[in-house]
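Student: Provided below: data_11.cif, containing mmCIF, C-alpha atoms and all ligand atoms.
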```
data_input
loop_
_atom_site.group_PDB
_atom_site.id
_atom_site.type_symbol
_atom_site.label_atom_id
_atom_site.label_comp_id
_atom_site.auth_asym_id
_atom_site.auth_seq_id
_atom_site.Cartn_x
_atom_site.Cartn_y
_atom_site.Cartn_z
ATOM 1 C CA MET A 1 -54.942 -1.889 -147.157
ATOM 2 C CA TYR A 2 -53.723 -3.641 -150.265
ATOM 3 C CA THR A 3 -54.115 -2.444 -153.827
ATOM 4 C CA PHE A 4 -56.183 -3.889 -156.627
ATOM 5 C CA ASP A 5 -57.278 -2.804 -160.058
ATOM 6 C CA TYR A 6 -60.910 -1.656 -160.549
ATOM 7 C CA GLN A 7 -62.798 -2.031 -163.836
ATOM 8 C CA ARG A 8 -66.383 -1.051 -164.653
ATOM 9 C CA PRO A 9 -67.134 -2.478 -168.111
ATOM 10 C CA ALA A 10 -70.286 -1.497 -170.007
ATOM 11 C CA ASP A 11 -70.938 -4.770 -171.795
ATOM 12 C CA LEU A 12 -70.532 -8.535 -171.523
ATOM 13 C CA ALA A 13 -67.511 -8.668 -173.817
ATOM 14 C CA GLY A 14 -65.705 -6.077 -171.679
ATOM 15 C CA ALA A 15 -66.626 -7.960 -168.490
ATOM 16 C CA ALA A 16 -65.319 -11.236 -169.936
ATOM 17 C CA ARG A 17 -62.060 -9.523 -170.981
ATOM 18 C CA ALA A 18 -61.538 -7.899 -167.585
ATOM 19 C CA GLY A 19 -62.537 -11.115 -165.761
ATOM 20 C CA ALA A 20 -59.957 -13.148 -167.673
ATOM 21 C CA VAL A 21 -57.076 -11.488 -165.775
ATOM 22 C CA ALA A 22 -55.541 -13.870 -163.209
ATOM 23 C CA ASP A 23 -57.221 -13.576 -159.776
ATOM 24 C CA ALA A 24 -59.775 -11.015 -160.989
ATOM 25 C CA ARG A 25 -63.185 -11.214 -159.271
ATOM 26 C CA PHE A 26 -66.573 -9.998 -160.422
ATOM 27 C CA LEU A 27 -68.239 -7.527 -158.067
ATOM 28 C CA ALA A 28 -72.042 -7.700 -157.939
ATOM 29 C CA GLY A 29 -73.742 -6.428 -154.758
ATOM 30 C CA GLY A 30 -70.541 -6.723 -152.727
ATOM 31 C CA GLN A 31 -72.467 -8.176 -149.777
ATOM 32 C CA SER A 32 -70.162 -11.188 -149.480
ATOM 33 C CA LEU A 33 -67.097 -10.270 -151.536
ATOM 34 C CA VAL A 34 -66.343 -6.968 -149.799
ATOM 35 C CA GLN A 35 -66.640 -8.625 -146.376
ATOM 36 C CA ALA A 36 -64.280 -11.382 -147.537
ATOM 37 C CA MET A 37 -61.805 -8.765 -148.788
ATOM 38 C CA LYS A 38 -61.949 -6.871 -145.498
ATOM 39 C CA LEU A 39 -61.119 -10.099 -143.687
ATOM 40 C CA ARG A 40 -58.352 -10.917 -146.197
ATOM 41 C CA LEU A 41 -60.130 -14.148 -147.084
ATOM 42 C CA SER A 42 -60.141 -12.889 -150.656
ATOM 43 C CA GLN A 43 -57.419 -10.730 -152.215
ATOM 44 C CA PRO A 44 -58.315 -10.244 -155.886
ATOM 45 C CA SER A 45 -55.880 -8.612 -158.270
ATOM 46 C CA ALA A 46 -58.794 -6.794 -159.909
ATOM 47 C CA LEU A 47 -62.450 -6.088 -159.176
ATOM 48 C CA VAL A 48 -64.701 -6.189 -162.233
ATOM 49 C CA ASP A 49 -67.805 -4.222 -161.242
ATOM 50 C CA LEU A 50 -70.841 -5.634 -163.055
ATOM 51 C CA GLY A 51 -73.055 -2.679 -162.139
ATOM 52 C CA ALA A 52 -72.862 -1.001 -165.564
ATOM 53 C CA VAL A 53 -72.980 -4.120 -167.765
ATOM 54 C CA ALA A 54 -76.006 -3.765 -170.014
ATOM 55 C CA GLY A 55 -78.635 -6.515 -169.963
ATOM 56 C CA LEU A 56 -77.586 -8.325 -166.792
ATOM 57 C CA ALA A 57 -80.558 -7.214 -164.669
ATOM 58 C CA GLY A 58 -84.212 -7.909 -165.319
ATOM 59 C CA ILE A 59 -86.989 -10.475 -165.125
ATOM 60 C CA THR A 60 -88.846 -11.998 -168.064
ATOM 61 C CA VAL A 61 -91.409 -14.751 -168.529
ATOM 62 C CA THR A 62 -91.315 -16.685 -171.782
ATOM 63 C CA GLY A 63 -93.733 -19.573 -172.110
ATOM 64 C CA ALA A 64 -93.160 -21.842 -169.118
ATOM 65 C CA THR A 65 -89.850 -20.270 -168.067
ATOM 66 C CA LEU A 66 -89.061 -17.457 -165.644
ATOM 67 C CA ARG A 67 -85.670 -15.881 -166.395
ATOM 68 C CA ILE A 68 -83.917 -13.678 -163.855
ATOM 69 C CA GLY A 69 -80.817 -11.718 -164.853
ATOM 70 C CA ALA A 70 -77.732 -12.266 -162.693
ATOM 71 C CA MET A 71 -77.593 -8.638 -161.478
ATOM 72 C CA THR A 72 -81.226 -8.594 -160.385
ATOM 73 C CA ARG A 73 -81.383 -7.519 -156.739
ATOM 74 C CA HIS A 74 -83.233 -9.630 -154.175
ATOM 75 C CA SER A 75 -85.640 -6.721 -153.580
ATOM 76 C CA ALA A 76 -86.553 -6.668 -157.297
ATOM 77 C CA VAL A 77 -87.280 -10.424 -157.276
ATOM 78 C CA ALA A 78 -89.404 -10.033 -154.138
ATOM 79 C CA ALA A 79 -91.409 -7.155 -155.646
ATOM 80 C CA SER A 80 -91.761 -8.503 -159.191
ATOM 81 C CA ALA A 81 -95.355 -9.045 -160.329
ATOM 82 C CA ASP A 82 -94.062 -11.670 -162.788
ATOM 83 C CA VAL A 83 -92.295 -13.652 -160.049
ATOM 84 C CA ARG A 84 -95.259 -13.361 -157.666
ATOM 85 C CA ARG A 85 -97.601 -14.610 -160.397
ATOM 86 C CA THR A 86 -95.479 -17.484 -161.727
ATOM 87 C CA ILE A 87 -93.411 -18.687 -158.730
ATOM 88 C CA PRO A 88 -94.653 -16.945 -155.569
ATOM 89 C CA ALA A 89 -92.367 -19.199 -153.512
ATOM 90 C CA LEU A 90 -89.350 -17.544 -155.160
ATOM 91 C CA ALA A 91 -90.640 -14.054 -154.361
ATOM 92 C CA ALA A 92 -91.086 -15.171 -150.753
ATOM 93 C CA LEU A 93 -87.559 -16.614 -150.700
ATOM 94 C CA ALA A 94 -86.102 -13.302 -151.905
ATOM 95 C CA GLU A 95 -88.242 -11.320 -149.468
ATOM 96 C CA GLY A 96 -86.843 -13.351 -146.567
ATOM 97 C CA ILE A 97 -83.163 -12.697 -147.346
ATOM 98 C CA GLY A 98 -81.246 -10.629 -144.794
ATOM 99 C CA ASP A 99 -82.564 -7.108 -144.252
ATOM 100 C CA PRO A 100 -83.623 -4.290 -146.624
ATOM 101 C CA MET A 101 -80.031 -3.147 -147.190
ATOM 102 C CA VAL A 102 -78.874 -6.662 -148.105
ATOM 103 C CA ARG A 103 -81.915 -7.157 -150.362
ATOM 104 C CA ASN A 104 -81.356 -3.835 -152.132
ATOM 105 C CA ALA A 105 -77.688 -4.606 -152.853
ATOM 106 C CA GLY A 106 -77.400 -8.421 -153.093
ATOM 107 C CA THR A 107 -77.988 -10.161 -156.419
ATOM 108 C CA ILE A 108 -79.116 -13.609 -157.471
ATOM 109 C CA GLY A 109 -75.943 -14.144 -159.538
ATOM 110 C CA GLY A 110 -73.690 -13.178 -156.637
ATOM 111 C CA SER A 111 -75.581 -15.406 -154.249
ATOM 112 C CA LEU A 112 -75.275 -18.454 -156.524
ATOM 113 C CA ALA A 113 -71.617 -17.849 -157.440
ATOM 114 C CA ASN A 114 -70.821 -17.513 -153.742
ATOM 115 C CA SER A 115 -72.446 -20.883 -152.830
ATOM 116 C CA ASP A 116 -72.636 -20.012 -149.144
ATOM 117 C CA PRO A 117 -73.739 -23.178 -147.308
ATOM 118 C CA ALA A 118 -76.524 -21.218 -145.576
ATOM 119 C CA ALA A 119 -77.779 -19.161 -148.546
ATOM 120 C CA CYS A 120 -81.393 -19.378 -149.690
ATOM 121 C CA TYR A 121 -81.179 -19.233 -153.510
ATOM 122 C CA PRO A 122 -79.178 -22.480 -153.849
ATOM 123 C CA ALA A 123 -82.096 -24.388 -152.274
ATOM 124 C CA GLY A 124 -84.445 -22.543 -154.638
ATOM 125 C CA VAL A 125 -82.379 -23.433 -157.701
ATOM 126 C CA LEU A 126 -82.251 -27.123 -156.736
ATOM 127 C CA GLY A 127 -85.817 -27.327 -155.455
ATOM 128 C CA LEU A 128 -87.202 -25.692 -158.584
ATOM 129 C CA GLY A 129 -84.927 -27.419 -161.105
ATOM 130 C CA ALA A 130 -83.395 -24.204 -162.436
ATOM 131 C CA THR A 131 -80.552 -23.761 -164.928
ATOM 132 C CA VAL A 132 -77.665 -21.324 -164.484
ATOM 133 C CA VAL A 133 -76.847 -19.552 -167.757
ATOM 134 C CA THR A 134 -73.306 -18.216 -168.100
ATOM 135 C CA ASP A 135 -71.417 -16.370 -170.830
ATOM 136 C CA ARG A 136 -70.108 -19.797 -171.942
ATOM 137 C CA ARG A 137 -72.842 -22.434 -171.373
ATOM 138 C CA SER A 138 -75.953 -23.539 -169.499
ATOM 139 C CA ILE A 139 -75.280 -25.413 -166.260
ATOM 140 C CA PRO A 140 -78.102 -27.490 -164.718
ATOM 141 C CA GLY A 141 -78.586 -26.442 -161.092
ATOM 142 C CA ASP A 142 -78.030 -30.082 -160.105
ATOM 143 C CA ALA A 143 -74.410 -29.810 -161.320
ATOM 144 C CA PHE A 144 -73.728 -26.262 -160.122
ATOM 145 C CA PHE A 145 -72.999 -26.476 -156.382
ATOM 146 C CA THR A 146 -69.869 -28.539 -155.872
ATOM 147 C CA GLY A 147 -68.657 -27.740 -152.342
ATOM 148 C CA LEU A 148 -68.210 -25.190 -149.576
ATOM 149 C CA PHE A 149 -68.214 -21.836 -151.422
ATOM 150 C CA GLU A 150 -67.444 -23.828 -154.591
ATOM 151 C CA THR A 151 -69.352 -24.104 -157.839
ATOM 152 C CA ALA A 152 -68.941 -25.506 -161.331
ATOM 153 C CA LEU A 153 -67.970 -22.024 -162.602
ATOM 154 C CA GLN A 154 -64.573 -21.865 -164.266
ATOM 155 C CA ALA A 155 -62.127 -19.000 -163.721
ATOM 156 C CA GLY A 156 -63.540 -15.844 -165.307
ATOM 157 C CA GLU A 157 -66.902 -17.450 -166.142
ATOM 158 C CA LEU A 158 -69.762 -15.011 -165.677
ATOM 159 C CA ILE A 159 -73.324 -15.888 -164.657
ATOM 160 C CA VAL A 160 -75.687 -14.077 -167.013
ATOM 161 C CA ALA A 161 -79.086 -15.328 -165.823
ATOM 162 C CA VAL A 162 -80.982 -18.093 -164.062
ATOM 163 C CA GLU A 163 -83.881 -19.884 -165.748
ATOM 164 C CA PHE A 164 -86.636 -21.426 -163.640
ATOM 165 C CA PRO A 165 -89.246 -23.789 -165.081
ATOM 166 C CA ILE A 166 -92.615 -22.629 -163.735
ATOM 167 C CA PRO A 167 -93.960 -25.316 -161.368
ATOM 168 C CA LYS A 168 -97.565 -26.240 -160.582
ATOM 169 C CA ARG A 169 -96.870 -25.508 -156.929
ATOM 170 C CA ALA A 170 -93.873 -24.735 -154.724
ATOM 171 C CA ALA A 171 -92.866 -23.363 -151.338
ATOM 172 C CA TYR A 172 -89.673 -22.236 -149.595
ATOM 173 C CA LEU A 173 -89.432 -22.274 -145.814
ATOM 174 C CA LYS A 174 -86.451 -21.508 -143.641
ATOM 175 C CA PHE A 175 -85.577 -21.498 -139.986
ATOM 176 C CA LYS A 176 -83.631 -18.239 -139.770
ATOM 177 C CA HIS A 177 -80.515 -17.482 -137.860
ATOM 178 C CA PRO A 178 -81.963 -14.731 -135.642
ATOM 179 C CA ALA A 179 -79.108 -12.253 -136.272
ATOM 180 C CA SER A 180 -78.130 -12.657 -139.935
ATOM 181 C CA ARG A 181 -81.357 -14.299 -141.154
ATOM 182 C CA PHE A 182 -79.287 -16.778 -143.172
ATOM 183 C CA ALA A 183 -80.842 -20.264 -143.130
ATOM 184 C CA LEU A 184 -80.047 -22.516 -140.201
ATOM 185 C CA VAL A 185 -82.064 -24.789 -142.446
ATOM 186 C CA GLY A 186 -83.974 -23.884 -145.602
ATOM 187 C CA VAL A 187 -86.121 -26.177 -147.756
ATOM 188 C CA CYS A 188 -87.624 -25.550 -151.189
ATOM 189 C CA VAL A 189 -90.160 -28.067 -152.506
ATOM 190 C CA SER A 190 -91.829 -28.025 -155.882
ATOM 191 C CA ASP A 191 -94.148 -30.069 -158.015
ATOM 192 C CA GLY A 192 -93.158 -29.090 -161.513
ATOM 193 C CA PRO A 193 -92.582 -30.242 -165.068
ATOM 194 C CA GLY A 194 -89.685 -32.500 -164.020
ATOM 195 C CA GLY A 195 -91.596 -34.029 -161.085
ATOM 196 C CA VAL A 196 -91.289 -33.427 -157.360
ATOM 197 C CA ARG A 197 -88.081 -31.789 -156.111
ATOM 198 C CA VAL A 198 -86.731 -30.972 -152.666
ATOM 199 C CA GLY A 199 -83.739 -28.592 -152.315
ATOM 200 C CA VAL A 200 -82.092 -28.133 -148.918
ATOM 201 C CA THR A 201 -79.641 -25.503 -147.631
ATOM 202 C CA GLY A 202 -77.890 -24.807 -144.313
ATOM 203 C CA VAL A 203 -77.209 -28.461 -143.599
ATOM 204 C CA LYS A 204 -74.093 -29.623 -145.466
ATOM 205 C CA SER A 205 -71.142 -27.905 -147.136
ATOM 206 C CA ASN A 206 -73.364 -26.972 -150.069
ATOM 207 C CA ALA A 207 -77.038 -27.124 -150.973
ATOM 208 C CA PHE A 208 -78.339 -30.521 -152.105
ATOM 209 C CA ARG A 209 -81.464 -32.383 -153.190
ATOM 210 C CA TRP A 210 -83.101 -34.631 -150.609
ATOM 211 C CA THR A 211 -83.805 -37.427 -153.057
ATOM 212 C CA ALA A 212 -85.319 -39.802 -150.470
ATOM 213 C CA ALA A 213 -88.017 -37.195 -149.758
ATOM 214 C CA GLU A 214 -88.590 -36.646 -153.483
ATOM 215 C CA ALA A 215 -89.104 -40.397 -153.953
ATOM 216 C CA ALA A 216 -91.471 -40.606 -150.966
ATOM 217 C CA LEU A 217 -93.560 -37.707 -152.311
ATOM 218 C CA ALA A 218 -93.650 -39.206 -155.792
ATOM 219 C CA ARG A 219 -94.725 -42.578 -154.342
ATOM 220 C CA GLY A 220 -97.139 -41.412 -151.664
ATOM 221 C CA GLY A 221 -98.540 -38.281 -153.297
ATOM 222 C CA PHE A 222 -97.663 -34.613 -152.773
ATOM 223 C CA ARG A 223 -98.763 -34.483 -149.128
ATOM 224 C CA ALA A 224 -96.938 -34.179 -145.826
ATOM 225 C CA ALA A 225 -98.047 -37.629 -144.630
ATOM 226 C CA ALA A 226 -96.008 -39.208 -147.434
ATOM 227 C CA LEU A 227 -92.908 -38.087 -145.491
ATOM 228 C CA ASP A 228 -93.888 -39.729 -142.185
ATOM 229 C CA GLY A 229 -90.910 -41.506 -140.616
ATOM 230 C CA LEU A 230 -88.403 -40.078 -143.081
ATOM 231 C CA ALA A 231 -85.295 -38.295 -141.718
ATOM 232 C CA LEU A 232 -81.807 -37.348 -142.823
ATOM 233 C CA ASP A 233 -78.964 -39.236 -141.201
ATOM 234 C CA ALA A 234 -77.641 -36.790 -138.581
ATOM 235 C CA GLY A 235 -74.180 -38.301 -139.055
ATOM 236 C CA ASP A 236 -74.147 -36.663 -142.459
ATOM 237 C CA VAL A 237 -75.273 -33.213 -141.259
ATOM 238 C CA ASN A 238 -73.292 -30.156 -140.043
ATOM 239 C CA GLY A 239 -73.447 -29.264 -136.380
ATOM 240 C CA ASP A 240 -72.103 -26.011 -134.890
ATOM 241 C CA LEU A 241 -72.671 -23.611 -132.016
ATOM 242 C CA HIS A 242 -75.967 -22.501 -133.549
ATOM 243 C CA ALA A 243 -77.561 -25.936 -133.993
ATOM 244 C CA SER A 244 -76.498 -29.539 -133.470
ATOM 245 C CA ALA A 245 -76.541 -32.014 -136.345
ATOM 246 C CA GLU A 246 -79.540 -33.804 -134.781
ATOM 247 C CA TYR A 247 -81.457 -30.520 -134.478
ATOM 248 C CA ARG A 248 -80.745 -29.589 -138.098
ATOM 249 C CA ALA A 249 -81.759 -33.056 -139.332
ATOM 250 C CA ALA A 250 -85.043 -32.785 -137.402
ATOM 251 C CA LEU A 251 -85.626 -29.285 -138.836
ATOM 252 C CA VAL A 252 -85.181 -30.567 -142.390
ATOM 253 C CA ALA A 253 -87.909 -33.182 -141.865
ATOM 254 C CA THR A 254 -90.271 -30.684 -140.201
ATOM 255 C CA LEU A 255 -89.733 -27.876 -142.712
ATOM 256 C CA THR A 256 -90.090 -30.229 -145.683
ATOM 257 C CA LYS A 257 -93.488 -31.386 -144.416
ATOM 258 C CA ARG A 258 -94.604 -27.823 -143.758
ATOM 259 C CA ALA A 259 -93.395 -26.685 -147.173
ATOM 260 C CA VAL A 260 -95.362 -29.476 -148.869
ATOM 261 C CA GLU A 261 -98.478 -28.490 -146.886
ATOM 262 C CA GLN A 262 -97.998 -24.832 -147.802
ATOM 263 C CA ALA A 263 -97.415 -25.545 -151.502
ATOM 264 C CA ALA A 264 -100.395 -27.907 -151.664
ATOM 265 C CA SER A 265 -102.775 -25.503 -149.929
ATOM 266 C CA ALA A 266 -101.603 -22.468 -151.927
ATOM 267 C CA ALA A 267 -102.298 -24.306 -155.186
ATOM 268 C CA ALA A 268 -105.684 -25.704 -154.074
HETATM 269 C C1 LIG B 1 -76.036 -9.326 -143.091
HETATM 270 C C2 LIG B 1 -76.259 -10.254 -144.254
HETATM 271 C C3 LIG B 1 -77.360 -11.110 -144.211
HETATM 272 C C4 LIG B 1 -77.581 -11.986 -145.268
HETATM 273 N N1 LIG B 1 -78.664 -12.830 -145.188
HETATM 274 C C5 LIG B 1 -78.864 -13.712 -146.193
HETATM 275 C C6 LIG B 1 -79.978 -14.599 -146.160
HETATM 276 O O1 LIG B 1 -80.812 -14.584 -145.251
HETATM 277 N N2 LIG B 1 -80.112 -15.473 -147.186
HETATM 278 C C7 LIG B 1 -79.256 -15.492 -148.255
HETATM 279 O O2 LIG B 1 -79.436 -16.297 -149.154
HETATM 280 N N3 LIG B 1 -78.219 -14.652 -148.329
HETATM 281 C C8 LIG B 1 -78.014 -13.751 -147.337
HETATM 282 N N4 LIG B 1 -76.972 -12.882 -147.434
HETATM 283 C C9 LIG B 1 -76.117 -12.901 -148.659
HETATM 284 C C10 LIG B 1 -76.627 -11.862 -149.682
HETATM 285 O O3 LIG B 1 -77.917 -12.208 -149.990
HETATM 286 C C11 LIG B 1 -75.900 -11.806 -151.076
HETATM 287 O O4 LIG B 1 -76.670 -12.419 -152.021
HETATM 288 C C12 LIG B 1 -74.661 -12.501 -151.178
HETATM 289 O O5 LIG B 1 -73.851 -11.886 -150.204
HETATM 290 C C13 LIG B 1 -73.909 -12.388 -152.531
HETATM 291 O O6 LIG B 1 -74.494 -11.530 -153.460
HETATM 292 P P1 LIG B 1 -73.800 -10.206 -153.968
HETATM 293 O O7 LIG B 1 -74.608 -9.764 -155.139
HETATM 294 O O8 LIG B 1 -73.615 -9.243 -152.878
HETATM 295 O O9 LIG B 1 -72.410 -10.771 -154.517
HETATM 296 P P2 LIG B 1 -70.898 -10.262 -154.267
HETATM 297 O O10 LIG B 1 -70.618 -10.193 -152.824
HETATM 298 O O11 LIG B 1 -70.611 -9.060 -155.080
HETATM 299 O O12 LIG B 1 -70.127 -11.496 -154.927
HETATM 300 C C14 LIG B 1 -70.122 -12.762 -154.287
HETATM 301 C C15 LIG B 1 -69.284 -13.735 -155.143
HETATM 302 O O13 LIG B 1 -69.946 -14.002 -156.368
HETATM 303 C C16 LIG B 1 -69.098 -13.644 -157.489
HETATM 304 N N5 LIG B 1 -70.029 -13.113 -158.499
HETATM 305 C C17 LIG B 1 -70.911 -12.120 -158.319
HETATM 306 N N6 LIG B 1 -71.683 -11.981 -159.412
HETATM 307 C C18 LIG B 1 -71.261 -12.911 -160.297
HETATM 308 C C19 LIG B 1 -71.690 -13.272 -161.620
HETATM 309 N N7 LIG B 1 -72.717 -12.655 -162.255
HETATM 310 N N8 LIG B 1 -71.034 -14.292 -162.240
HETATM 311 C C20 LIG B 1 -70.003 -14.946 -161.616
HETATM 312 N N9 LIG B 1 -69.575 -14.643 -160.374
HETATM 313 C C21 LIG B 1 -70.210 -13.638 -159.721
HETATM 314 C C22 LIG B 1 -68.124 -12.643 -156.925
HETATM 315 O O14 LIG B 1 -66.915 -12.594 -157.666
HETATM 316 C C23 LIG B 1 -67.908 -13.180 -155.529
HETATM 317 O O15 LIG B 1 -66.989 -14.259 -155.562
HETATM 318 C C24 LIG B 1 -76.722 -11.993 -146.388
HETATM 319 C C25 LIG B 1 -75.626 -11.111 -146.437
HETATM 320 C C26 LIG B 1 -75.397 -10.245 -145.385
HETATM 321 C C27 LIG B 1 -74.228 -9.305 -145.461
#
```
Can you turn what I pasted into structure tokens?
Tutor:
Amino acid sequence: MYTFDYQRPADLAGAARAGAVADARFLAGGQSLVQAMKLRLSQPSALVDLGAVAGLAGITVTGATLRIGAMTRHSAVAASADVRRTIPALAALAEGIGDPMVRNAGTIGGSLANSDPAACYPAGVLGLGATVVTDRRSIPGDAFFTGLFETALQAGELIVAVEFPIPKRAAYLKFKHPASRFALVGVCVSDGPGGVRVGVTGVKSNAFRWTAAEAALARGGFRAAALDGLALDAGDVNGDLHASAEYRAALVATLTKRAVEQAASAAA
């Protein structure tokens, strides 16, 4: 075992102060960070537990925006009447994460900061056109995911909340890894205030928008047939022991069509 400092601040200012120490890491649900520490992939000098920071958890709807606090657990998003009413696809996404223990501990802020290439929320953020709000600025989701387990967050920058514009219709579908339930491929489509969006996870080093599909849906209408013949280049897709690049590319096309059908029929 190696030693590290442990802080449990009660407010945002205290969290920012504690997080400013070199190599300090915020601790949210611990579902990824603690595993990484056990494997020595991460060796922080200090853990800044966000569990007691006031105001970081909670869900509000203001006008056409759904705001979810960074420390909101996946189970709370899945069960929220506000989320189910405004963006049912997001409630379904949260409900499909891991197992009950993971959903009761894991948080939306931790999931986004972690930028796991197979995580569900990154596809949701991109597919729904969300904005990540930190203690320093607002970062458009489109600029947030920058690489494998990498984001636009600066050292010590704390996610406070995520703001989702409420779409006319949306759906999230994933092909689960049978053991972990992470996404072999996950696709979030929406038809919202900014137009049609398609966010994809599980396929490259970080989640991305499938802009060719967005253009096809904008041109041909929000229907699965508008995507006929469209596919990702498998040469640009991850392959591993769980699924070849060709298989993943085919799954993206299939799931995107099914997600469009589901979103269109749910809104009809
Ligand atoms: C068995 C298992 C199955 C899973 N299945 C899925 C799945 O199907 N789909 C899916 O999407 N995910 C899945 N996950 C991941 C899980 O959903 C968690 O969301 C994820 O592990 C990170 O969230 P956390 O709150 O536990 O963050 P932590 O592990 O506490 O932190 C993760 C990282 O985020 C940083 N961080 C945390 N909060 C903040 C913040 N507010 N601001 C800035 N940085 C922050 C931490 O410093 C750390 O670097 C699974 C995990 C496990 C263990």
Student: Please expand the PyMOL selection byres (((chain A and resi 18) around 12) and not hetatm) into the concrete residues it hits in this file, giving the result as an MDAnalysis selection string.
Tutor: chainID A and resid 5:17 19:27 45:50 155:158
Student: Please extract the residues at most 8 Å from ligand LIG 1 (chain B), counting all atoms listed in the file, and provide them as a PyMOL selection string, using the chain letters and residue numbers of this document.
Tutor: chain A and resi 25-35+50+56+70-71+73-74+94+96-99+102-103+105-114+116+118-122+134+153+156-161+176-177+180-183
Student: What is the atom CA of A:Asp240-atom CA of A:Leu255 distance in Å, reported with one decimal?
Tutor: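 Here the two named atoms are 19.4 Å from each other.
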Student: Show me a table, sorted first by chain and then by increasing residue number, of the residues of stretch 92-204 of chain A having an atom at most 9 Å from stretch 222-236 of chain A, each with its shortest atom pair and the distance in Å to one decimal, counting only C-alpha atoms and written as a Markdown table.
Tutor:
```
| residue | atom | partner | partner_atom | distance |
| --- | --- | --- | --- | --- |
| A:Asp191 | CA | A:Phe222 | CA | 7.8 |
| A:Val196 | CA | A:Phe222 | CA | 7.9 |
| A:Val203 | CA | A:Asp236 | CA | 8.8 |
| A:Lys204 | CA | A:Asp236 | CA | 7.7 |
```
Student: Axis-aligned box over every listed atom of stretch 242-248 of chain A, padded by 3 Å per side: centre and edges in Å to one decimal, as AutoDock Vina command-line options?
Tutor:
```
--center_x -78.7 --center_y -28.2 --center_z -135.8 --size_x 11.5 --size_y 17.3 --size_z 10.6
```
Student: One number please: atom CA of A:Gln43 to atom CA of A:Thr151, in Å, one decimal.
Tutor: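 Atom CA of A:Thr151 lies at a distance of 18.8 Å from atom CA of A:Gln43.
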Student: Counting all atoms listed in the file, what is within 7 Å of A:Ala259, bar same-chain residues fewer than 2 positions away, as a ChimeraX atom specification?
Tutor: /A:171-173,189,255-257,261-263
Student: Could you tell me which residues the PyMOL selection byres (((chain A and resi 131) around 8) and not hetatm) grabs in this file, written as a list in words?
Tutor: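 That expression, the PyMOL selection byres (((chain A and resi 131) around 8) and not hetatm), corresponds here to Val125, Gly129, Ala130, Val132, Val133, Ser138, Ile139, Pro140, Gly141, Val162, Glu163 and Phe164 of chain A.
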Student: Those same residues - C-alpha atoms - I'd like them written as a CSV table (one decimal), in the coordinates of the input.
Tutor:
```
chain,number,residue,atom,x,y,z
A,125,VAL,CA,-82.4,-23.4,-157.7
A,129,GLY,CA,-84.9,-27.4,-161.1
A,130,ALA,CA,-83.4,-24.2,-162.4
A,132,VAL,CA,-77.7,-21.3,-164.5
A,133,VAL,CA,-76.8,-19.6,-167.8
A,138,SER,CA,-76.0,-23.5,-169.5
A,139,ILE,CA,-75.3,-25.4,-166.3
A,140,PRO,CA,-78.1,-27.5,-164.7
A,141,GLY,CA,-78.6,-26.4,-161.1
A,162,VAL,CA,-81.0,-18.1,-164.1
A,163,GLU,CA,-83.9,-19.9,-165.7
A,164,PHE,CA,-86.6,-21.4,-163.6
```
Student: Of the candidates A:Val260, A:Ala89, A:Gly124, A:Gly186, which one gets nearest to A:Glu214 if we count all atoms listed in the file?
Tutor: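 With all atoms listed in the file as the atom set, the closest residue is A:Val260.
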Student: So the first atom is atom CA of A:Thr60 and the second is atom CA of A:Arg84; what is the distance between them in Å, to one decimal place?
Tutor: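 Spanning atom CA of A:Thr60 to atom CA of A:Arg84 is a straight-line distance of 12.3 Å.
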Student: Using the chain letters and numbering of this document, enumerate as JSON, numbers by chain the residues selected by the PyMOL selection byres (((chain A and resi 61) around 12) and not hetatm).
Tutor: {"A": [58, 59, 60, 62, 63, 64, 65, 66, 67, 68, 69, 80, 81, 82, 83, 84, 85, 86, 87, 162, 163, 164, 165, 166]}
